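Q: What follows is a single structure, and I will ask about it in a moment.
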Amino acid sequence: MSTAPAQDVEMKETPAPVAASSNSATSAAPSALQHLKEIASLIETGAYAREVRRIARAIRLTMALRRKLKTSVVSAFLNFALTPGSEPHARLSSYLPKEDDHEMEVDTATSVVQAPVKHSLPELEIFSYLLVLIFLIDQKKYSEAKACSSASIARLKNINRRTVDVLASRLYFYYSLSYEHTGDLAEIRGNLLALHQIATLRHDELGQETLLNLLLRNYLHYNLYDQAEKLRSKAPRFEAHSNQQFCRYLFYLGKIRTIQLEYTDAKESLLQAARKAPIAALGFRIQCTKWAVIVRLLLGEIPERTVFMQKGMETALRPYFELTNAVRIGDLELFKSVAEKFSATFSVDRTHNLIVRLRHNVIRTGLRNISISYSRISLADVAKKLRLDSPNPVADAESIVSKAIRDGAIDATIDHAKGWMVSKETGDIYSTNEPQMAFNSRIAFCLNMHNEAVRALRFPPNSHKEKEIAEKRRERQQQEQELAKHIAEEDDDEF
Amino acid sequence: MDPKLTEVSQYFERFKAACVREDIDTSANLLSQLKVLLTSFRSLPPLFEVTPNAVQELTIARDIYEHAVLLSVKMGDQDAFERDFFQLKPYYTDARKRLPRSPQEHMILGLNLLRLLVQNRIAEFHTELELLPAESLEDPCIKHAVELEQSFMEGAYNRVLTAKQTVPNQSYDYFMDLLAKTVRDEIAGCSEKAYDFLSINDARQMLLFSSDNELLKYINEEHPEWEIKDGSVIFQKAKETAPCKEIPSLQLINQTLSYARELERIV
């Protein structure tokens with residue numbers, strides 16, 4: 001991704017000699033500054049030509065530069081992009097921490113040599129807000145980030161241009177992030193709702209998506225599952241414009257469904273989210289997998305060992321692996337000890353309540369194992385094997401077994417007078433419909449996947465309209481290459 | 001003190017007295033009057049304005065609603081309970097920072113959980129449970145409800161019935177009675193599938209009737225398909241359909257057609 005801008009640097013050449021003469025401490029800064037300047041010019045051309053794709057590309061390039069941002073670079077860029085006396089400039093500079101004098105000198109030197117400052121576009125202004133915000137968050141200065149983002153949101157309300165939308169949606173994300181780090185998420189809920197309304201009115205779909213996800217995250221942060229579900233069901237239909245937003249949406253949806261006891265839907269959403277997420281988004285995938293494991297346990301199926309052995313996830317998933325083991329064996333004592341041992345991890349993941357629900361599954365699995373192994377067994381022995389710790393184990397065991405029979409988990413009858421449980425013979429499965437059902441569900445899944453893939457093919461808009469001049473063609477090819485590389489590398493900035 | 005506030009406090013005292021006297025009608029009247037008076041306070045939800053008397057107004061309003069909830073339990077009116085509880089909820093959640101904790105909060109939350117359990121709204125039960133912070137789960141009232149739900153789900157119904165003796169509070173009795181009835185229906189349903197037959201004594205014990213007559217009456221009303229022969233109850237086993245050789249043709253046809261359609265779409 002850095003090859004394309006590097007070529008452009010060689011072509012431009014002008015400030016390079018001046019930069020080379022400055023001391024080594026700031027020699028990294030000019031090249032980052034150069035990048036920022038190219039990005040600014042890209043944004044300008046995009047704004048003038050009304051091409052949203054260029055702005056999206058500009059954002060991607062910025063994300064790549066994130067590591068190299070320093071205060072000097074940011075303030076130099078601000079001097080470059082915004083007229084120094086103007087109000088936005090003053091406001092933004094006030095958020096940046098003060099630097100040493102000697103760095104200031106170098107900056108003023110370089111800025112004097114620069115071409116006269118460009119005419120301030122709203123896009124550039126919003127972009128500068130975005131840059132400052134990213135910088136502050138990376139430096140962990142969350143209270144300044146909060147102030148900066150609130151100011152930018154206020155500014156955004158007055159601008160209504162499609163080209164700003166892409167930048168705006170990033171801004172919303174960082175706005176929510178800065179508040180989350182300072183623990184004040186509840187304050188911005190009203191704002192987010194208002195912004196969502198505005199985005200819907202303006203048909204700003206990317207903004208709508210982002211804001212819906214941020215709102216869901218907000219509600220789920222405070223465990224307000226009821227309200228989150230109400231919002232989600234009433235919000236306009238979710239069209240996935242961005243893969244990352246879609247993954248997040250699926251994850252939040254899965255969580256809501258789990259709490260509402262709709263395990264099948266939840267499993268689907270969570271597994272899909274884990275699958276679609278980019279490989280680099282490890283933290284997100286770990287979270288998805290954790291919830292997916294629990295939902296599968298609650299549904300009564302045992303996830304395979306390979307799920308826990310995925311690269312990079314082994315330590316994080318260790319508690320869940322042991323939990324699965326306990327459920328698989330059907331041993332209540334083991335389950336209790338595992339739950340206690342790792343209770344801290346479970347509370348942090350907020351899965352504690354779900355684990356409590358699993359107790360019932362452990363008993364069921366234990367019962368199933370017993371029913372398959374024994375053709376006839378006394379209820380007292382059943383109670384002993386299940387290790388139910390209760391004052392009246394036989395009566396408990398009896399009622400548990402009868403409920404299990406009614407729910408269809410085991411196939412047996414109880415003889416009350418003699419106090420034992422008689423299992424029925426399991427017939428030959430292949431002579432029933434079972435294999436056909438299983439095949440059918442798999443076939444349906446594959447066909448569904450194929451249809452979705454076809455629908456997901458994207459075609460760039462307006463590609464058939466312009467007459468290709470050689471230069472434009474070269475640029476377009478460059479962009480396509482970059483896009484392909486970007487999809488292959490899978491953007492990792494947002495996770 | 002504010003004249004409106006004094007008026008409300010006076011009414012409230014009368015309301016509390018009527019509740020203690022178990023005078024349902026007067027209490028209900030006073031309650032409606034109180035609710036109308038409360039609308040004039042601006043510091044209550046949903047406005048939550050900050051007025052000088054805010055804390056007192058909020059506290060009084062919360063106490064009024066708590067008593068309203070308890071009154072609805074006495075009247076046995078579940079809809080009224082739900083309404084009053086929803087009005088009470090913002091005082092517990094949003095106004096948490098402005099008011100000191102109410103001593104009855106956990107008791108009322110536990111009551112609500114129990115109500116959801118009795119009405120078989122398990123999804124909402126769990127959603128409510130999620131909203132509670134971890135330390136609330138240690139409280140006996142709430143723990144009682146949670147354990148009850150677990151026993152219910154597992155099927156250990158006798159544990160549910162013994163829990164009836166250990167209610168933390170008087171007002172839980174109403175719901176526990178309703179729960180007992182649900183449990184009885186559940187046990188009957190399970191026994192149907194699990195047992196071939198049960199002697200009358202055993203059936204009576206399991207279904208918690210005190211006499212054979214009650215048992216027979218229950219069977220006649222709810223489960224007429226059970227037969228009673230020589231001192232035992234025979235459950236009508238779901239007719240063991242001879243392993244049906246018929247193929248579910250409609251389903252197979254639908255599936256095959258859908259395969260054909262999808263495959264055609266593959267270009």
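Residue numbers start at 1 in each chain; chains themselves are named A, B, ... in the order of the structure tokens; ligands are numbered from 1 in the order shown.
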Residues within 10 Å of B:Phe85, please, as a PyMOL selection string. Count only C-alpha atoms; anything in the same chain fewer than 3 positions from it doesn't count.

A: chain B and resi 65-66+68-70+72+79-82+88-90+108-109+111-112

Q: With only C-alpha atoms as the counted atoms, please give the residues lying no more than 12 Å from B:Thr166, apart from itself and same-chain residues fewer than 3 positions off, as a PDB file with N, CA, C and O atoms, in the first residue's frame.

A:
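That gives us out02.pdb:
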ATOM      1  N   PRO B 140     -31.311 -12.309  48.894  1.00  0.00           N
ATOM      2  CA  PRO B 140     -32.145 -13.514  49.015  1.00  0.00           C
ATOM      3  C   PRO B 140     -33.391 -13.509  48.145  1.00  0.00           C
ATOM      4  O   PRO B 140     -33.753 -14.542  47.581  1.00  0.00           O
ATOM      5  N   CYS B 141     -34.037 -12.341  48.011  1.00  0.00           N
ATOM      6  CA  CYS B 141     -35.278 -12.331  47.222  1.00  0.00           C
ATOM      7  C   CYS B 141     -35.008 -12.718  45.781  1.00  0.00           C
ATOM      8  O   CYS B 141     -35.713 -13.518  45.172  1.00  0.00           O
ATOM      9  N   LYS B 143     -32.291 -14.176  44.605  1.00  0.00           N
ATOM     10  CA  LYS B 143     -31.715 -15.520  44.503  1.00  0.00           C
ATOM     11  C   LYS B 143     -32.816 -16.573  44.504  1.00  0.00           C
ATOM     12  O   LYS B 143     -32.751 -17.563  43.776  1.00  0.00           O
ATOM     13  N   HIS B 144     -33.821 -16.318  45.319  1.00  0.00           N
ATOM     14  CA  HIS B 144     -34.954 -17.232  45.392  1.00  0.00           C
ATOM     15  C   HIS B 144     -35.592 -17.412  44.031  1.00  0.00           C
ATOM     16  O   HIS B 144     -35.838 -18.544  43.579  1.00  0.00           O
ATOM     17  N   ALA B 145     -35.840 -16.265  43.353  1.00  0.00           N
ATOM     18  CA  ALA B 145     -36.480 -16.338  42.041  1.00  0.00           C
ATOM     19  C   ALA B 145     -35.596 -17.061  41.037  1.00  0.00           C
ATOM     20  O   ALA B 145     -36.072 -17.875  40.232  1.00  0.00           O
ATOM     21  N   GLU B 147     -33.221 -19.308  41.575  1.00  0.00           N
ATOM     22  CA  GLU B 147     -33.150 -20.755  41.815  1.00  0.00           C
ATOM     23  C   GLU B 147     -34.443 -21.435  41.418  1.00  0.00           C
ATOM     24  O   GLU B 147     -34.436 -22.563  40.906  1.00  0.00           O
ATOM     25  N   LEU B 148     -35.532 -20.737  41.629  1.00  0.00           N
ATOM     26  CA  LEU B 148     -36.829 -21.289  41.253  1.00  0.00           C
ATOM     27  C   LEU B 148     -36.881 -21.541  39.753  1.00  0.00           C
ATOM     28  O   LEU B 148     -37.351 -22.587  39.287  1.00  0.00           O
ATOM     29  N   ARG B 159     -38.605 -29.538  44.146  1.00  0.00           N
ATOM     30  CA  ARG B 159     -37.825 -28.454  44.713  1.00  0.00           C
ATOM     31  C   ARG B 159     -38.600 -27.146  44.638  1.00  0.00           C
ATOM     32  O   ARG B 159     -38.551 -26.321  45.542  1.00  0.00           O
ATOM     33  N   VAL B 160     -39.311 -26.993  43.552  1.00  0.00           N
ATOM     34  CA  VAL B 160     -40.129 -25.787  43.401  1.00  0.00           C
ATOM     35  C   VAL B 160     -41.148 -25.720  44.524  1.00  0.00           C
ATOM     36  O   VAL B 160     -41.357 -24.680  45.139  1.00  0.00           O
ATOM     37  N   LEU B 161     -41.767 -26.868  44.781  1.00  0.00           N
ATOM     38  CA  LEU B 161     -42.830 -26.843  45.784  1.00  0.00           C
ATOM     39  C   LEU B 161     -42.278 -26.636  47.180  1.00  0.00           C
ATOM     40  O   LEU B 161     -42.897 -25.968  47.990  1.00  0.00           O
ATOM     41  N   THR B 162     -41.097 -27.183  47.458  1.00  0.00           N
ATOM     42  CA  THR B 162     -40.539 -26.946  48.788  1.00  0.00           C
ATOM     43  C   THR B 162     -40.118 -25.498  48.927  1.00  0.00           C
ATOM     44  O   THR B 162     -40.138 -24.948  50.024  1.00  0.00           O
ATOM     45  N   ALA B 163     -39.749 -24.878  47.820  1.00  0.00           N
ATOM     46  CA  ALA B 163     -39.351 -23.470  47.905  1.00  0.00           C
ATOM     47  C   ALA B 163     -40.501 -22.625  48.404  1.00  0.00           C
ATOM     48  O   ALA B 163     -40.296 -21.520  48.909  1.00  0.00           O
ATOM     49  N   ASN B 169     -40.909 -13.315  51.663  1.00  0.00           N
ATOM     50  CA  ASN B 169     -41.827 -12.239  52.011  1.00  0.00           C
ATOM     51  C   ASN B 169     -43.270 -12.677  51.817  1.00  0.00           C
ATOM     52  O   ASN B 169     -43.565 -13.501  50.967  1.00  0.00           O
ATOM     53  N   GLN B 170     -44.179 -12.072  52.576  1.00  0.00           N
ATOM     54  CA  GLN B 170     -45.601 -12.389  52.483  1.00  0.00           C
ATOM     55  C   GLN B 170     -46.135 -12.300  51.064  1.00  0.00           C
ATOM     56  O   GLN B 170     -46.861 -13.157  50.588  1.00  0.00           O
ATOM     57  N   TYR B 172     -45.085 -12.785  48.322  1.00  0.00           N
ATOM     58  CA  TYR B 172     -44.737 -13.779  47.325  1.00  0.00           C
ATOM     59  C   TYR B 172     -45.764 -14.897  47.261  1.00  0.00           C
ATOM     60  O   TYR B 172     -45.802 -15.651  46.302  1.00  0.00           O
ATOM     61  N   ASP B 173     -46.587 -14.994  48.316  1.00  0.00           N
ATOM     62  CA  ASP B 173     -47.492 -16.146  48.397  1.00  0.00           C
ATOM     63  C   ASP B 173     -48.407 -16.253  47.196  1.00  0.00           C
ATOM     64  O   ASP B 173     -48.655 -17.337  46.677  1.00  0.00           O
ATOM     65  N   MET B 176     -46.662 -17.729  44.334  1.00  0.00           N
ATOM     66  CA  MET B 176     -46.281 -19.111  44.571  1.00  0.00           C
ATOM     67  C   MET B 176     -47.482 -20.018  44.379  1.00  0.00           C
ATOM     68  O   MET B 176     -47.348 -21.134  43.884  1.00  0.00           O
TER      69      MET B 176
END

Q: Nearest residue to chain A out of B:Glu264, B:Glu124, B:Asp212, B:Glu138, using only C-alpha atoms?

A: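 So, comparing all the options, the nearest one is B:Glu124.
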
Q: Compute the set of chain B residues within 8 Å of chain A, using only C-alpha atoms, and express it as a VMD selection string.

A: chain B and resid 123 to 124 126 to 127 130 to 131 150 153 to 159 187 189 to 191 193 to 196 198 255 262

Q: So how many Å separate atom CA of B:Val55 and atom CA of B:Lys35, to one decimal?

A: 17.8 Å

Q: Compile the contact shell of stretch 161-170 of chain A as number ranges by chain: residues with an atom at most 10 Å away, counting only C-alpha atoms, same-chain residues fewer than 2 positions apart removed.

A: A: 43, 46-56, 58-59, 122-124, 126-127, 129-130, 134, 152-153, 156-159, 172-175, 199, 202-211, 494

Q: Generate a file of the selected residues that holds C-alpha atoms, formatted as an mmCIF file, in the first residue's frame.

A:
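Output (out26.cif):
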data_model
loop_
_atom_site.group_PDB
_atom_site.id
_atom_site.type_symbol
_atom_site.label_atom_id
_atom_site.label_comp_id
_atom_site.auth_asym_id
_atom_site.auth_seq_id
_atom_site.Cartn_x
_atom_site.Cartn_y
_atom_site.Cartn_z
ATOM 1 C CA ILE A 43 -9.688 14.655 -0.926
ATOM 2 C CA GLY A 46 -12.552 13.900 -4.887
ATOM 3 C CA ALA A 47 -14.657 16.698 -3.517
ATOM 4 C CA TYR A 48 -14.508 18.680 -6.704
ATOM 5 C CA ALA A 49 -15.276 15.690 -8.883
ATOM 6 C CA ARG A 50 -17.873 14.410 -6.401
ATOM 7 C CA GLU A 51 -16.304 10.981 -6.348
ATOM 8 C CA VAL A 52 -16.847 9.291 -3.043
ATOM 9 C CA ARG A 53 -14.412 6.518 -3.834
ATOM 10 C CA ARG A 54 -11.449 8.856 -3.733
ATOM 11 C CA ILE A 55 -12.371 10.014 -0.287
ATOM 12 C CA ALA A 56 -12.696 6.410 0.843
ATOM 13 C CA ALA A 58 -7.918 8.789 1.249
ATOM 14 C CA ILE A 59 -9.201 7.398 4.503
ATOM 15 C CA PRO A 122 -15.463 21.593 4.329
ATOM 16 C CA GLU A 123 -14.084 18.171 3.512
ATOM 17 C CA LEU A 124 -10.612 19.238 4.455
ATOM 18 C CA ILE A 126 -13.668 17.526 8.637
ATOM 19 C CA PHE A 127 -10.637 15.550 7.619
ATOM 20 C CA TYR A 129 -10.909 16.994 12.751
ATOM 21 C CA LEU A 130 -10.674 13.303 12.000
ATOM 22 C CA ILE A 134 -7.315 9.725 15.697
ATOM 23 C CA SER A 152 -16.805 17.975 15.194
ATOM 24 C CA ILE A 153 -20.287 16.529 15.542
ATOM 25 C CA LEU A 156 -21.087 18.170 10.942
ATOM 26 C CA LYS A 157 -24.708 18.968 11.534
ATOM 27 C CA ASN A 158 -24.428 21.954 9.245
ATOM 28 C CA ILE A 159 -22.753 20.220 6.357
ATOM 29 C CA TYR A 172 -19.111 9.043 14.611
ATOM 30 C CA PHE A 173 -17.190 5.901 15.349
ATOM 31 C CA TYR A 174 -14.371 7.736 17.095
ATOM 32 C CA TYR A 175 -16.863 9.936 18.906
ATOM 33 C CA ALA A 199 -28.638 10.230 8.339
ATOM 34 C CA ARG A 202 -30.381 12.389 4.018
ATOM 35 C CA HIS A 203 -30.210 8.817 2.700
ATOM 36 C CA ASP A 204 -26.716 8.545 4.016
ATOM 37 C CA GLU A 205 -26.585 4.760 4.152
ATOM 38 C CA LEU A 206 -23.095 4.306 5.444
ATOM 39 C CA GLY A 207 -23.834 6.768 8.206
ATOM 40 C CA GLN A 208 -27.064 4.966 9.043
ATOM 41 C CA GLU A 209 -25.298 1.655 9.330
ATOM 42 C CA THR A 210 -22.501 3.013 11.468
ATOM 43 C CA LEU A 211 -24.874 4.846 13.773
ATOM 44 C CA GLU A 494 -11.229 -0.608 12.808
#

Q: I'd like the neighbourhood of B:Pro3 as an MDAnalysis selection string, where a residue qualifies if any of its atoms comes within 12 Å (using only C-alpha atoms), though same-chain residues fewer than 6 positions away should be ignored.

A: chainID B and resid 9:10 37 40:41 53

Q: Please produce an output containing N, CA and C atoms for each residue in the selection, written as an mmCIF file, in the first residue's frame.

A:
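Written output follows (again18.cif):
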data_model
loop_
_atom_site.group_PDB
_atom_site.id
_atom_site.type_symbol
_atom_site.label_atom_id
_atom_site.label_comp_id
_atom_site.auth_asym_id
_atom_site.auth_seq_id
_atom_site.Cartn_x
_atom_site.Cartn_y
_atom_site.Cartn_z
ATOM 1 N N SER B 9 -48.233 14.194 50.551
ATOM 2 C CA SER B 9 -47.839 13.388 51.718
ATOM 3 C C SER B 9 -49.040 13.010 52.545
ATOM 4 N N GLN B 10 -49.982 13.947 52.684
ATOM 5 C CA GLN B 10 -51.161 13.621 53.490
ATOM 6 C C GLN B 10 -51.961 12.482 52.856
ATOM 7 N N LEU B 37 -52.229 13.663 41.180
ATOM 8 C CA LEU B 37 -51.454 14.733 41.811
ATOM 9 C C LEU B 37 -49.996 14.679 41.401
ATOM 10 N N SER B 40 -48.329 16.683 38.511
ATOM 11 C CA SER B 40 -47.979 18.100 38.556
ATOM 12 C C SER B 40 -46.528 18.324 38.951
ATOM 13 N N PHE B 41 -45.847 17.289 39.379
ATOM 14 C CA PHE B 41 -44.442 17.450 39.771
ATOM 15 C C PHE B 41 -43.562 17.379 38.545
ATOM 16 N N ASN B 53 -37.015 20.762 45.177
ATOM 17 C CA ASN B 53 -37.579 19.670 45.963
ATOM 18 C C ASN B 53 -37.401 18.319 45.321
#

Q: From a DSSP pass on the backbone, collect the residues of stretch 77-261 of chain B flagged as strand (DSSP E) and hand them back as a PyMOL selection string.

A: chain B and resi 197-199+227-229+232-234

Q: Can those selected residues be exported to a file as a CSV table (one decimal), in the first residue's frame so that it contains C-alpha atoms?

A:
chain,number,residue,atom,x,y,z
B,197,PHE,CA,-49.4,-46.4,34.6
B,198,LEU,CA,-49.4,-45.1,38.2
B,199,SER,CA,-51.3,-46.4,41.2
B,227,GLU,CA,-58.3,-44.3,32.2
B,228,ILE,CA,-58.9,-45.3,35.8
B,229,LYS,CA,-58.8,-49.1,36.3
B,232,SER,CA,-54.5,-47.3,39.0
B,233,VAL,CA,-54.4,-44.6,36.4
B,234,ILE,CA,-53.5,-45.7,33.0

Q: If you run DSSP over the backbone, which residues in stretch 60-149 of chain B end up helix (DSSP H, G or I)? Put them as a PyMOL selection string.

A: chain B and resi 60-75+78-97+105-118+122-131+134-138+140-149

Q: May I have the residues within 12 Å of A:Tyr219 as number ranges by chain, using only C-alpha atoms and disregarding those fewer than 2 positions away in the same chain?

A: A: 180, 185-190, 192-193, 212-217, 221-232, 252, 255-256; B: 131

Q: Grab the atom CA of B:Leu132 to atom CA of A:Lys146 distance for me, in Å with one decimal place.

A: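 For atom CA of B:Leu132 relative to atom CA of A:Lys146, the distance reads 28.8 Å.
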